[in-house]
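Next comes work_28.cif, a file with mmCIF, N, CA and C atoms.
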data_protein
#
loop_
_atom_site.label_atom_id
_atom_site.label_comp_id
_atom_site.auth_asym_id
_atom_site.auth_seq_id
_atom_site.Cartn_x
_atom_site.Cartn_y
_atom_site.Cartn_z
N MET A 1 0.85 -1.18 0.00
CA MET A 1 0.00 0.00 0.00
C MET A 1 0.89 1.25 0.00
N CYS A 2 0.63 2.17 -0.89
CA CYS A 2 1.43 3.38 -1.05
C CYS A 2 0.93 4.47 -0.12
N SER A 3 1.81 5.03 0.68
CA SER A 3 1.45 6.09 1.60
C SER A 3 1.83 7.44 1.00
N ARG A 4 0.97 8.43 1.16
CA ARG A 4 1.23 9.80 0.67
C ARG A 4 1.35 10.72 1.87
N THR A 5 2.14 11.78 1.73
CA THR A 5 2.41 12.70 2.84
C THR A 5 1.60 13.98 2.69
N VAL A 6 1.06 14.43 3.82
CA VAL A 6 0.39 15.72 3.91
C VAL A 6 1.17 16.56 4.91
N ILE A 7 1.62 17.73 4.48
CA ILE A 7 2.34 18.63 5.37
C ILE A 7 1.36 19.66 5.90
N ILE A 8 1.24 19.73 7.23
CA ILE A 8 0.31 20.66 7.86
C ILE A 8 1.11 21.64 8.70
N GLY A 9 0.87 22.91 8.48
CA GLY A 9 1.56 23.95 9.24
C GLY A 9 0.69 25.17 9.45
N MET A 10 -0.03 25.19 10.54
CA MET A 10 -0.92 26.31 10.84
C MET A 10 -0.36 27.09 12.03
N ASP A 11 -0.54 28.42 12.01
CA ASP A 11 -0.08 29.25 13.12
C ASP A 11 -0.89 28.99 14.39
N GLU A 12 -2.15 28.68 14.22
CA GLU A 12 -3.06 28.46 15.35
C GLU A 12 -2.99 26.99 15.79
N PRO A 13 -2.52 26.71 17.01
CA PRO A 13 -2.39 25.32 17.47
C PRO A 13 -3.71 24.55 17.47
N TYR A 14 -4.82 25.23 17.73
CA TYR A 14 -6.13 24.57 17.74
C TYR A 14 -6.45 23.99 16.36
N VAL A 15 -6.26 24.81 15.32
CA VAL A 15 -6.54 24.37 13.95
C VAL A 15 -5.54 23.30 13.52
N GLN A 16 -4.28 23.47 13.91
CA GLN A 16 -3.25 22.49 13.59
C GLN A 16 -3.63 21.11 14.13
N GLY A 17 -4.08 21.07 15.39
CA GLY A 17 -4.47 19.80 16.01
C GLY A 17 -5.66 19.15 15.32
N ILE A 18 -6.65 19.95 14.98
CA ILE A 18 -7.84 19.41 14.29
C ILE A 18 -7.45 18.79 12.96
N LEU A 19 -6.62 19.49 12.19
CA LEU A 19 -6.21 18.98 10.89
C LEU A 19 -5.38 17.71 11.02
N GLN A 20 -4.48 17.68 12.00
CA GLN A 20 -3.65 16.49 12.18
C GLN A 20 -4.51 15.28 12.56
N ARG A 21 -5.49 15.48 13.43
CA ARG A 21 -6.37 14.37 13.80
C ARG A 21 -7.23 13.93 12.61
N ALA A 22 -7.72 14.89 11.84
CA ALA A 22 -8.58 14.55 10.69
C ALA A 22 -7.81 13.73 9.66
N PHE A 23 -6.61 14.17 9.30
CA PHE A 23 -5.82 13.42 8.33
C PHE A 23 -5.27 12.13 8.94
N GLY A 24 -5.03 12.14 10.24
CA GLY A 24 -4.52 10.95 10.92
C GLY A 24 -5.48 9.78 10.86
N LYS A 25 -6.76 10.04 10.68
CA LYS A 25 -7.76 8.97 10.58
C LYS A 25 -7.54 8.09 9.35
N TYR A 26 -6.82 8.63 8.37
CA TYR A 26 -6.61 7.89 7.13
C TYR A 26 -5.26 7.18 7.08
N SER A 27 -4.62 7.08 8.24
CA SER A 27 -3.37 6.33 8.31
C SER A 27 -3.69 4.86 8.08
N PRO A 28 -2.92 4.11 7.39
CA PRO A 28 -1.60 4.32 6.81
C PRO A 28 -1.62 4.87 5.39
N LEU A 29 -2.78 5.22 4.85
CA LEU A 29 -2.81 5.77 3.49
C LEU A 29 -2.18 7.16 3.42
N ILE A 30 -2.36 7.93 4.50
CA ILE A 30 -1.83 9.28 4.53
C ILE A 30 -0.92 9.42 5.74
N LYS A 31 0.26 9.95 5.50
CA LYS A 31 1.23 10.21 6.56
C LYS A 31 1.21 11.72 6.83
N VAL A 32 0.92 12.10 8.07
CA VAL A 32 0.84 13.51 8.44
C VAL A 32 2.21 13.96 8.93
N GLN A 33 2.64 15.10 8.41
CA GLN A 33 3.95 15.64 8.80
C GLN A 33 3.77 17.10 9.18
N ALA A 34 4.30 17.49 10.32
CA ALA A 34 4.24 18.89 10.73
C ALA A 34 5.16 19.70 9.83
N ALA A 35 4.80 20.92 9.56
CA ALA A 35 5.57 21.75 8.62
C ALA A 35 6.97 22.05 9.14
N ASP A 36 7.15 22.06 10.45
CA ASP A 36 8.47 22.38 10.99
C ASP A 36 9.40 21.17 11.03
N ASP A 37 8.90 19.97 10.71
CA ASP A 37 9.76 18.79 10.62
C ASP A 37 10.66 18.90 9.40
N ASN A 38 11.88 18.44 9.55
CA ASN A 38 12.79 18.43 8.40
C ASN A 38 12.42 17.27 7.49
N ALA A 39 12.13 17.56 6.27
CA ALA A 39 11.72 16.52 5.31
C ALA A 39 12.80 16.38 4.25
N ASN A 40 13.31 15.18 4.11
CA ASN A 40 14.33 14.93 3.10
C ASN A 40 13.71 14.51 1.78
N ASP A 41 12.85 13.53 1.83
CA ASP A 41 12.27 12.98 0.60
C ASP A 41 10.79 13.31 0.55
N LEU A 42 10.42 14.19 -0.36
CA LEU A 42 9.01 14.56 -0.51
C LEU A 42 8.45 14.04 -1.83
N SER A 43 8.98 12.94 -2.31
CA SER A 43 8.49 12.37 -3.57
C SER A 43 7.07 11.84 -3.42
N ASP A 44 6.66 11.56 -2.18
CA ASP A 44 5.32 11.04 -1.94
C ASP A 44 4.37 12.14 -1.45
N LEU A 45 4.74 13.41 -1.62
CA LEU A 45 3.94 14.53 -1.12
C LEU A 45 2.60 14.62 -1.85
N LEU A 46 1.54 14.69 -1.09
CA LEU A 46 0.19 14.82 -1.63
C LEU A 46 -0.33 16.24 -1.49
N MET A 47 -0.10 16.88 -0.32
CA MET A 47 -0.72 18.17 -0.08
C MET A 47 0.07 19.02 0.91
N HIS A 48 0.05 20.33 0.65
CA HIS A 48 0.49 21.34 1.61
C HIS A 48 -0.78 21.94 2.19
N TRP A 49 -0.95 21.93 3.50
CA TRP A 49 -2.06 22.64 4.15
C TRP A 49 -1.41 23.54 5.18
N ARG A 50 -1.19 24.79 4.78
CA ARG A 50 -0.42 25.72 5.59
C ARG A 50 -0.96 27.13 5.44
N GLU A 51 -0.33 28.05 6.16
CA GLU A 51 -0.61 29.46 5.95
C GLU A 51 -0.13 29.82 4.55
N TYR A 52 -0.80 30.73 3.90
CA TYR A 52 -0.53 31.05 2.50
C TYR A 52 0.95 31.36 2.25
N GLU A 53 1.54 32.16 3.13
CA GLU A 53 2.91 32.61 2.93
C GLU A 53 3.93 31.49 3.05
N THR A 54 3.59 30.38 3.68
CA THR A 54 4.57 29.32 3.93
C THR A 54 4.43 28.11 3.00
N ILE A 55 3.46 28.14 2.10
CA ILE A 55 3.31 27.03 1.16
C ILE A 55 4.47 27.05 0.16
N ASP A 56 5.01 25.89 -0.12
CA ASP A 56 6.08 25.76 -1.11
C ASP A 56 5.43 25.75 -2.49
N TRP A 57 5.19 26.95 -3.02
CA TRP A 57 4.47 27.08 -4.28
C TRP A 57 5.26 26.51 -5.45
N THR A 58 6.57 26.49 -5.35
CA THR A 58 7.39 25.92 -6.42
C THR A 58 7.07 24.45 -6.62
N SER A 59 7.01 23.71 -5.53
CA SER A 59 6.70 22.27 -5.66
C SER A 59 5.26 22.05 -6.11
N VAL A 60 4.36 22.92 -5.68
CA VAL A 60 2.96 22.78 -6.09
C VAL A 60 2.82 23.00 -7.59
N HIS A 61 3.48 24.02 -8.12
CA HIS A 61 3.35 24.34 -9.55
C HIS A 61 4.12 23.38 -10.46
N ARG A 62 5.16 22.77 -9.92
CA ARG A 62 5.95 21.84 -10.74
C ARG A 62 5.27 20.48 -10.89
N SER A 63 4.37 20.17 -9.99
CA SER A 63 3.76 18.85 -9.98
C SER A 63 2.27 18.92 -10.30
N SER A 64 1.79 17.91 -10.97
CA SER A 64 0.35 17.85 -11.23
C SER A 64 -0.36 16.98 -10.19
N THR A 65 0.40 16.48 -9.21
CA THR A 65 -0.20 15.60 -8.20
C THR A 65 -0.15 16.17 -6.80
N ILE A 66 0.41 17.38 -6.61
CA ILE A 66 0.47 18.01 -5.29
C ILE A 66 -0.62 19.06 -5.20
N PHE A 67 -1.39 18.99 -4.14
CA PHE A 67 -2.46 19.94 -3.89
C PHE A 67 -2.02 20.91 -2.81
N SER A 68 -2.72 22.03 -2.70
CA SER A 68 -2.42 22.98 -1.64
C SER A 68 -3.72 23.59 -1.14
N ASN A 69 -3.70 23.97 0.12
CA ASN A 69 -4.84 24.64 0.71
C ASN A 69 -4.29 25.72 1.62
N ALA A 70 -4.79 26.92 1.50
CA ALA A 70 -4.32 28.03 2.31
C ALA A 70 -5.45 28.55 3.17
N TYR A 71 -5.14 28.78 4.41
CA TYR A 71 -6.12 29.26 5.37
C TYR A 71 -5.96 30.77 5.44
N CYS A 72 -6.61 31.49 4.54
CA CYS A 72 -6.35 32.93 4.47
C CYS A 72 -7.63 33.76 4.48
N PHE A 73 -8.65 33.32 5.18
CA PHE A 73 -9.91 34.07 5.22
C PHE A 73 -9.71 35.44 5.84
N ARG A 74 -8.97 35.49 6.96
CA ARG A 74 -8.76 36.75 7.66
C ARG A 74 -8.14 37.78 6.74
N LYS A 75 -7.12 37.36 6.00
CA LYS A 75 -6.43 38.29 5.11
C LYS A 75 -7.34 38.73 3.98
N GLY A 76 -8.16 37.83 3.49
CA GLY A 76 -9.11 38.19 2.44
C GLY A 76 -10.12 39.21 2.91
N LEU A 77 -10.60 39.05 4.13
CA LEU A 77 -11.56 40.00 4.68
C LEU A 77 -10.93 41.37 4.88
N ILE A 78 -9.67 41.38 5.29
CA ILE A 78 -8.97 42.65 5.45
C ILE A 78 -8.85 43.36 4.11
N ARG A 79 -8.49 42.61 3.07
CA ARG A 79 -8.36 43.21 1.74
C ARG A 79 -9.71 43.71 1.23
N LYS A 80 -10.78 42.96 1.51
CA LYS A 80 -12.11 43.38 1.09
C LYS A 80 -12.49 44.68 1.78
N ALA A 81 -12.18 44.79 3.07
CA ALA A 81 -12.49 46.01 3.81
C ALA A 81 -11.71 47.20 3.26
N GLN A 82 -10.43 46.99 2.91
CA GLN A 82 -9.63 48.07 2.35
C GLN A 82 -10.19 48.51 1.00
N MET A 83 -10.58 47.53 0.18
CA MET A 83 -11.14 47.86 -1.13
C MET A 83 -12.47 48.61 -0.98
N ALA A 84 -13.32 48.15 -0.08
CA ALA A 84 -14.60 48.83 0.14
C ALA A 84 -14.39 50.26 0.61
N PHE A 85 -13.43 50.46 1.50
CA PHE A 85 -13.13 51.81 1.99
C PHE A 85 -12.67 52.71 0.84
N ASN A 86 -11.78 52.20 -0.01
CA ASN A 86 -11.28 53.00 -1.14
C ASN A 86 -12.38 53.30 -2.16
N ILE A 87 -13.25 52.34 -2.41
CA ILE A 87 -14.37 52.58 -3.33
C ILE A 87 -15.31 53.63 -2.76
N LYS A 88 -15.55 53.56 -1.46
CA LYS A 88 -16.43 54.55 -0.81
C LYS A 88 -15.85 55.96 -0.94
N MET A 89 -14.54 56.09 -0.74
CA MET A 89 -13.89 57.41 -0.87
C MET A 89 -13.95 57.90 -2.32
N TYR A 90 -13.72 56.99 -3.27
CA TYR A 90 -13.73 57.36 -4.68
C TYR A 90 -15.14 57.79 -5.13
N THR A 91 -16.15 57.00 -4.74
CA THR A 91 -17.52 57.33 -5.18
C THR A 91 -18.04 58.60 -4.51
N ALA A 92 -17.52 58.94 -3.35
CA ALA A 92 -17.91 60.21 -2.72
C ALA A 92 -17.43 61.39 -3.57
N LYS A 93 -16.27 61.24 -4.19
CA LYS A 93 -15.72 62.30 -5.04
C LYS A 93 -16.23 62.22 -6.47
N HIS A 94 -16.69 61.04 -6.89
CA HIS A 94 -17.15 60.82 -8.26
C HIS A 94 -18.54 60.15 -8.23
N PRO A 95 -19.58 60.90 -7.91
CA PRO A 95 -20.92 60.31 -7.73
C PRO A 95 -21.53 59.75 -9.01
N THR A 96 -20.98 60.04 -10.17
CA THR A 96 -21.52 59.48 -11.41
C THR A 96 -20.75 58.23 -11.87
N SER A 97 -19.83 57.78 -11.06
CA SER A 97 -19.04 56.60 -11.40
C SER A 97 -19.92 55.35 -11.46
N ILE A 98 -19.55 54.43 -12.34
CA ILE A 98 -20.27 53.17 -12.46
C ILE A 98 -20.15 52.35 -11.17
N LEU A 99 -19.14 52.62 -10.37
CA LEU A 99 -18.96 51.91 -9.10
C LEU A 99 -20.13 52.17 -8.13
N CYS A 100 -20.76 53.32 -8.27
CA CYS A 100 -21.87 53.66 -7.37
C CYS A 100 -23.03 52.68 -7.49
N THR A 101 -23.23 52.15 -8.68
CA THR A 101 -24.38 51.26 -8.90
C THR A 101 -23.99 49.79 -9.09
N HIS A 102 -22.69 49.49 -9.21
CA HIS A 102 -22.30 48.12 -9.52
C HIS A 102 -21.46 47.43 -8.44
N VAL A 103 -21.22 48.09 -7.35
CA VAL A 103 -20.50 47.48 -6.23
C VAL A 103 -21.46 47.41 -5.05
N PRO A 104 -21.64 46.23 -4.47
CA PRO A 104 -22.57 46.13 -3.34
C PRO A 104 -22.11 46.97 -2.15
N GLU A 105 -23.07 47.46 -1.43
CA GLU A 105 -22.76 48.26 -0.25
C GLU A 105 -22.09 47.38 0.80
N THR A 106 -21.05 47.90 1.41
CA THR A 106 -20.29 47.16 2.40
C THR A 106 -20.20 47.99 3.66
N TRP A 107 -20.42 47.35 4.81
CA TRP A 107 -20.28 48.02 6.09
C TRP A 107 -19.07 47.44 6.80
N ILE A 108 -18.23 48.30 7.30
CA ILE A 108 -17.00 47.87 7.96
C ILE A 108 -17.07 48.26 9.42
N PHE A 109 -16.81 47.28 10.28
CA PHE A 109 -16.70 47.57 11.70
C PHE A 109 -15.70 46.60 12.32
N GLU A 110 -15.04 47.06 13.38
CA GLU A 110 -14.01 46.25 14.01
C GLU A 110 -14.54 45.63 15.29
N LEU A 111 -14.07 44.43 15.55
CA LEU A 111 -14.42 43.73 16.79
C LEU A 111 -13.14 43.39 17.53
N ASP A 112 -13.12 43.68 18.83
CA ASP A 112 -11.98 43.25 19.64
C ASP A 112 -12.15 41.80 20.05
N ASP A 113 -13.39 41.37 20.16
CA ASP A 113 -13.69 40.00 20.57
C ASP A 113 -15.01 39.61 19.95
N VAL A 114 -15.18 38.35 19.62
CA VAL A 114 -16.40 37.88 18.98
C VAL A 114 -17.63 38.09 19.87
N GLU A 115 -17.42 38.19 21.18
CA GLU A 115 -18.53 38.40 22.10
C GLU A 115 -19.19 39.76 21.92
N TYR A 116 -18.50 40.68 21.28
CA TYR A 116 -19.03 42.03 21.07
C TYR A 116 -19.76 42.17 19.74
N LEU A 117 -19.98 41.08 19.02
CA LEU A 117 -20.62 41.14 17.72
C LEU A 117 -22.03 41.73 17.81
N ASP A 118 -22.82 41.28 18.77
CA ASP A 118 -24.19 41.79 18.90
C ASP A 118 -24.20 43.30 19.12
N GLU A 119 -23.29 43.80 19.97
CA GLU A 119 -23.22 45.24 20.22
C GLU A 119 -22.85 45.99 18.93
N ALA A 120 -21.89 45.46 18.20
CA ALA A 120 -21.45 46.12 16.97
C ALA A 120 -22.57 46.15 15.94
N LEU A 121 -23.35 45.07 15.86
CA LEU A 121 -24.46 45.04 14.91
C LEU A 121 -25.55 46.03 15.31
N MET A 122 -25.78 46.21 16.60
CA MET A 122 -26.80 47.18 17.05
C MET A 122 -26.39 48.61 16.70
N GLU A 123 -25.08 48.87 16.70
CA GLU A 123 -24.60 50.21 16.38
C GLU A 123 -24.66 50.50 14.89
N CYS A 124 -24.68 49.46 14.08
CA CYS A 124 -24.72 49.63 12.63
C CYS A 124 -26.14 49.28 12.16
N PHE A 125 -27.02 50.29 12.14
CA PHE A 125 -28.44 50.09 11.85
C PHE A 125 -28.67 49.43 10.49
N GLU A 126 -27.88 49.81 9.48
CA GLU A 126 -28.08 49.27 8.13
C GLU A 126 -27.86 47.76 8.08
N VAL A 127 -26.86 47.26 8.82
CA VAL A 127 -26.59 45.83 8.85
C VAL A 127 -27.72 45.09 9.53
N GLU A 128 -28.17 45.59 10.66
CA GLU A 128 -29.27 44.96 11.37
C GLU A 128 -30.54 44.92 10.51
N GLN A 129 -30.83 46.03 9.85
CA GLN A 129 -32.00 46.09 8.99
C GLN A 129 -31.89 45.11 7.82
N GLY A 130 -30.70 45.00 7.22
CA GLY A 130 -30.48 44.07 6.12
C GLY A 130 -30.61 42.63 6.57
N MET A 131 -30.10 42.31 7.77
CA MET A 131 -30.19 40.94 8.29
C MET A 131 -31.66 40.58 8.54
N GLN A 132 -32.44 41.50 9.09
CA GLN A 132 -33.85 41.23 9.34
C GLN A 132 -34.60 41.03 8.03
N ALA A 133 -34.27 41.78 7.01
CA ALA A 133 -34.93 41.63 5.72
C ALA A 133 -34.60 40.28 5.08
N ASN A 134 -33.40 39.77 5.31
CA ASN A 134 -32.99 38.49 4.73
C ASN A 134 -33.54 37.30 5.48
N THR A 135 -33.90 37.46 6.74
CA THR A 135 -34.39 36.33 7.53
C THR A 135 -35.90 36.21 7.53
N GLY A 136 -36.58 37.20 7.14
CA GLY A 136 -38.02 37.06 7.25
C GLY A 136 -38.74 37.82 6.26
#
Rendering of file as structure tokens:
Amino acid sequence: MCSRTVIIGMDEPYVQGILQRAFGKYSPLIKVQAADDNANDLSDLLMHWREYETIDWTSVHRSSTIFSNAYCFRKGLIRKAQMAFNIKMYTAKHPTSILCTHVPETWIFELDDVEYLDEALMECFEVEQGMQANTG
């Protein structure tokens, strides 16, 4: 039976543990290797599951059998917020721009902790009103 290697390297120990246990269920078909382990022979590499910046993109692009997965939702949301902010500033100065009618309205608010989500939503009337319209 041929075993394939999955390299897992997440900054968050909680997520790292979940992924290692999930892939570990498929042993001996899949061998789980922590990203910080020194790997000499990666000819049996199946997947990189790491933070975006630490994936070995060279090996992924050179092979048609290596997969990759990047856990980058937080960074994507930050970029979306920056883009929404810049579009809002631009459309304020250019009210006839096509962006005014073709980019969905975005509300940006910061949370120090997930427990404060309800308070933040109450302060942003438009979000609360939109959520109520979508649920009922």
Closest to Asn69 in chain A among A:Ile98, A:Cys124, A:Ile7, A:Met131, using only C-alpha atoms?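 When distances to Asn69 in chain A are compared using only C-alpha atoms, the smallest one comes from A:Ile7.
Using the PyMOL selection byres ((chain A and resi 57-66) around 6.5) on the file at hand returns these residues: Leu45, Leu46, Met47, His48, Thr54, Ile55, Asp56, Phe67 and Ser68 of chain A.
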Check: Near Leu99 in chain A, counting only C-alpha atoms, which residues have an atom at most 9 Å away, once you skip same-chain residues fewer than 6 positions from it, shown as an MDAnalysis selection string?
Finding: chainID A and resid 87 90:91
note - atom C of Arg50 in chain A and atom N of Gly9 in chain A are separated by 5.5 Å
- Kindly give the distance, in Å, that separates atom C of Trp49 in chain A and atom C of Arg4 in chain A, rounded to a single decimal.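 Here the two named atoms are 13.5 Å from each other.
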- Residue list (helix (DSSP H, G or I), DSSP) for chain A, as number ranges by chain: A: 13-24, 52-54, 57-62, 73-93, 99-102, 114-123, 125-135
When you look at Thr106 in chain A with a cut-off of 8 Å (counting all atoms listed in the file), what residues show up, excluding the ones that are within fewer than 4 positions of it in the same chain? I need them as number ranges by chain.
A: 81, 84-85
Explicit residue set for the PyMOL selection byres ((chain A and resi 34) around 6.5), as number ranges by chain: A: 6-9, 32-33, 35-37
**Request:** Enumerate, as an MDAnalysis selection string, the complete set of residues in range 1-55 of chain A that a backbone-based DSSP assignment places in strand (DSSP E).
**Result:** chainID A and resid 4:9 30:34 45:50
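The coordinates place atom N of Ser3 in chain A at 7.1 Å from atom N of Lys31 in chain A.
Distances here use only N, CA and C atoms; by that measure, the residue among A:Asp113, A:Lys93, A:Ala70, A:Ile18 closest to Glu53 in chain A is A:Ala70.
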